[in-house]
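J.: Here you go, one structure.
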Amino acid sequence: MTATSTLLMGAGMGLGLIAAVGAQNAYVLQRSIRGDVAMVPIVIFCVLSEAALILLGVAGVGALVESAPAAITVMKWFGVVFLLAYGAFAASRALRPGSGLQVDGDARIPSTLGAVAACAAFTWLNPHAYLDSVVFLGTLANQQAGDLRWVFAAGAFLAGTAWFALIGFGGRALRGVFARPGAWRVLDAGIAVMMVVLAVGLIRG
């Protein structure tokens with residue numbers, strides 16, 4: 001297999017996993033629509049986190065995580081609690097008239113540190129991040145001959161970078177739609193449902 005085909009395969013697999021609807025993507029898109037001033041550090045954090053997870057997988061840590069089911073179980077229940085708590089907050093905003101986030105002038109925008117910390121929780125308390133980026137991508141990368149495993153990893157990293165840039169900075173195009181408070185209530189309701197579904201999926205999975 002050539003370096004180009006390996007790079008494209010890595011990009012395709014990486015995009016397929018990273019672009020799947022999940023808590024992290026929902027959070028980043030929500031902040032982007034808000035026009036959050038912390039979007040640059042949020043996107044950078046997501047990109048660096050994805051790079052770290054992919055590197056862990058390529059370096060062989062995927063096999064270690066796969067052989068330690070207890071660690072996966074602990075991460076799963078941390079993730080369940082976090083997802084349900086965030087879903088409850090989103091549901092409370094959706095159910096209260098006038099409680100939706102505003103596009104402009106909302107004093108409740110978290111600090112840059114708070115916004116990145118929340119993103120860190122969505123990223124690192126999500127067991128699927130380890131199973132997908134570390135175990136799955138790491139396994140596929142290590143099936144490539146010689147140094148091609150790093151080419152595969154580069155493809156996955158480039159795909160992740162493009163995706164986070166798209167949802168992190170492209171969400172502003174939807175600001176006109178979300179200038180109405182009612183639209184935020186619908187978004188919050190959808191996020192609440194998504195968080196519960198993801199939590200249930202973690203419990204069942």
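Identifiers in the structure tokens: chain A, B, ... in order shown; residue index from 1 per chain; ligand index from 1 in order shown.
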Might you pull out every residue within 7 Å of Ala165 in chain A, with only C-alpha atoms counted and same-chain residues fewer than 4 positions away left off, and present them as a VMD selection string?

T.: chain A and resid 43 161 169

J.: Include C-alpha atoms and write out the residues we just selected as an mmCIF file, in the first residue's frame.

T.:
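This went into out_25.cif:
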data_model
loop_
_atom_site.group_PDB
_atom_site.id
_atom_site.type_symbol
_atom_site.label_atom_id
_atom_site.label_comp_id
_atom_site.auth_asym_id
_atom_site.auth_seq_id
_atom_site.Cartn_x
_atom_site.Cartn_y
_atom_site.Cartn_z
ATOM 1 C CA VAL A 43 -10.740 23.996 18.811
ATOM 2 C CA THR A 161 -8.293 18.929 12.537
ATOM 3 C CA PHE A 169 -15.788 28.161 13.273
#

J.: For Leu84 in chain A, find every residue with an atom within 9 Å (counting only C-alpha atoms), except residues of its own chain fewer than 5 positions away, and show them as a PDB file with C-alpha atoms, in the first residue's frame.

T.:
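part.pdb was written with the following content:
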ATOM      1  CA  GLY A  79     -19.003   9.479  31.457  1.00  0.00           C
ATOM      2  CA  PHE A  89     -29.019  21.288  32.681  1.00  0.00           C
ATOM      3  CA  ALA A 192     -30.705  16.931  26.399  1.00  0.00           C
ATOM      4  CA  MET A 195     -26.995  13.279  26.223  1.00  0.00           C
ATOM      5  CA  VAL A 196     -29.519  10.782  27.628  1.00  0.00           C
ATOM      6  CA  LEU A 198     -25.461   8.610  24.755  1.00  0.00           C
ATOM      7  CA  ALA A 199     -25.568   7.827  28.483  1.00  0.00           C
TER       8      ALA A 199
END

J.: I want to know what sits within 12 Å of Leu83 in chain A, based on only C-alpha atoms, with residues of the same chain fewer than 6 positions away left out; could you give that as a list in words?

T.: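 Counting only C-alpha atoms, the residues come to Gly22, Ala23, Gln24, Ala26, Tyr27, Lys76, Trp77, Phe89, Ala90, Ala118, Ala121, Phe122, Thr123, Leu125, Asn126, Pro127, Ile191, Ala192, Val193, Met194, Met195, Val196, Val197, Leu198, Ala199, Val200, Gly201, Leu202 and Ile203 of chain A.
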
J.: Using N, CA, C and O atoms, can you export the residues from the last selection as a short mmCIF file (atom, residue, chain, number, x, y, z; two decimals), in the first residue's frame?

T.:
data_model
loop_
_atom_site.label_atom_id
_atom_site.label_comp_id
_atom_site.auth_asym_id
_atom_site.auth_seq_id
_atom_site.Cartn_x
_atom_site.Cartn_y
_atom_site.Cartn_z
N GLY A 22 -21.81 13.23 18.84
CA GLY A 22 -21.46 12.88 20.20
C GLY A 22 -21.48 14.11 21.09
O GLY A 22 -21.71 15.24 20.62
N ALA A 23 -21.21 13.90 22.36
CA ALA A 23 -21.27 15.00 23.33
C ALA A 23 -20.26 16.09 23.02
O ALA A 23 -20.56 17.28 23.12
N GLN A 24 -19.05 15.69 22.67
CA GLN A 24 -18.02 16.69 22.39
C GLN A 24 -18.40 17.54 21.19
O GLN A 24 -18.31 18.78 21.23
N ALA A 26 -21.39 18.08 19.96
CA ALA A 26 -22.55 18.90 20.29
C ALA A 26 -22.13 20.13 21.08
O ALA A 26 -22.62 21.24 20.85
N TYR A 27 -21.22 19.95 22.01
CA TYR A 27 -20.75 21.07 22.84
C TYR A 27 -20.01 22.10 21.99
O TYR A 27 -20.27 23.31 22.08
N LYS A 76 -16.41 4.60 31.94
CA LYS A 76 -17.79 4.54 31.46
C LYS A 76 -18.74 5.22 32.44
O LYS A 76 -19.56 6.05 32.05
N TRP A 77 -18.62 4.90 33.73
CA TRP A 77 -19.56 5.45 34.70
C TRP A 77 -19.31 6.92 34.99
O TRP A 77 -20.25 7.67 35.24
N PHE A 89 -29.14 19.83 32.78
CA PHE A 89 -29.02 21.29 32.68
C PHE A 89 -29.62 21.79 31.37
O PHE A 89 -30.31 22.82 31.33
N ALA A 90 -29.34 21.07 30.27
CA ALA A 90 -29.89 21.47 28.97
C ALA A 90 -31.41 21.38 28.98
O ALA A 90 -32.11 22.25 28.45
N ALA A 118 -14.88 22.42 30.39
CA ALA A 118 -16.07 21.64 30.02
C ALA A 118 -15.78 20.77 28.80
O ALA A 118 -16.17 19.61 28.73
N ALA A 121 -13.85 17.76 29.80
CA ALA A 121 -14.69 16.72 30.39
C ALA A 121 -15.38 15.91 29.31
O ALA A 121 -15.43 14.68 29.36
N PHE A 122 -15.95 16.60 28.31
CA PHE A 122 -16.62 15.91 27.21
C PHE A 122 -15.65 15.01 26.45
O PHE A 122 -16.04 13.98 25.91
N THR A 123 -14.39 15.44 26.39
CA THR A 123 -13.40 14.70 25.61
C THR A 123 -12.83 13.51 26.39
O THR A 123 -12.86 12.38 25.92
N LEU A 125 -13.67 12.26 29.50
CA LEU A 125 -14.56 11.40 30.28
C LEU A 125 -15.45 10.55 29.39
O LEU A 125 -16.41 9.94 29.85
N ASN A 126 -15.12 10.53 28.12
CA ASN A 126 -15.91 9.77 27.15
C ASN A 126 -15.18 8.48 26.79
O ASN A 126 -14.16 8.52 26.09
N PRO A 127 -15.66 7.34 27.26
CA PRO A 127 -14.98 6.07 26.96
C PRO A 127 -14.84 5.79 25.47
O PRO A 127 -13.89 5.16 25.03
N ILE A 191 -30.13 18.59 22.58
CA ILE A 191 -28.91 18.21 23.29
C ILE A 191 -29.25 17.35 24.50
O ILE A 191 -28.56 16.37 24.79
N ALA A 192 -30.31 17.71 25.23
CA ALA A 192 -30.70 16.93 26.40
C ALA A 192 -31.03 15.49 26.00
O ALA A 192 -30.59 14.54 26.65
N VAL A 193 -31.80 15.35 24.92
CA VAL A 193 -32.15 14.01 24.44
C VAL A 193 -30.90 13.25 24.03
O VAL A 193 -30.71 12.06 24.35
N MET A 194 -30.00 13.94 23.32
CA MET A 194 -28.78 13.31 22.85
C MET A 194 -27.92 12.83 24.01
O MET A 194 -27.37 11.72 24.00
N MET A 195 -27.81 13.66 25.07
CA MET A 195 -26.99 13.28 26.22
C MET A 195 -27.55 12.02 26.89
O MET A 195 -26.81 11.13 27.29
N VAL A 196 -28.89 11.95 27.01
CA VAL A 196 -29.52 10.78 27.63
C VAL A 196 -29.29 9.54 26.77
O VAL A 196 -28.97 8.46 27.28
N VAL A 197 -29.47 9.70 25.46
CA VAL A 197 -29.26 8.57 24.55
C VAL A 197 -27.81 8.06 24.63
O VAL A 197 -27.57 6.85 24.68
N LEU A 198 -26.87 9.00 24.66
CA LEU A 198 -25.46 8.61 24.76
C LEU A 198 -25.17 7.91 26.08
O LEU A 198 -24.44 6.92 26.13
N ALA A 199 -25.77 8.44 27.16
CA ALA A 199 -25.57 7.83 28.48
C ALA A 199 -26.13 6.42 28.51
O ALA A 199 -25.50 5.48 29.03
N VAL A 200 -27.34 6.24 27.98
CA VAL A 200 -27.95 4.92 27.92
C VAL A 200 -27.10 3.97 27.05
O VAL A 200 -26.91 2.80 27.39
N GLY A 201 -26.57 4.52 25.96
CA GLY A 201 -25.71 3.71 25.11
C GLY A 201 -24.47 3.23 25.83
O GLY A 201 -24.02 2.09 25.67
N LEU A 202 -23.90 4.12 26.67
CA LEU A 202 -22.73 3.73 27.45
C LEU A 202 -23.09 2.64 28.45
O LEU A 202 -22.34 1.67 28.65
N ILE A 203 -24.24 2.79 29.10
CA ILE A 203 -24.66 1.79 30.09
C ILE A 203 -24.89 0.44 29.44
O ILE A 203 -24.45 -0.60 29.93
#

J.: Go through A:Ala115, A:Phe157, A:Leu174, A:Arg204 and flag the residue nearest Met39 in chain A, using only C-alpha atoms for the distances.

T.: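 Nearest candidate to Met39 in chain A out of A:Ala115, A:Phe157, A:Leu174, A:Arg204: A:Ala115.
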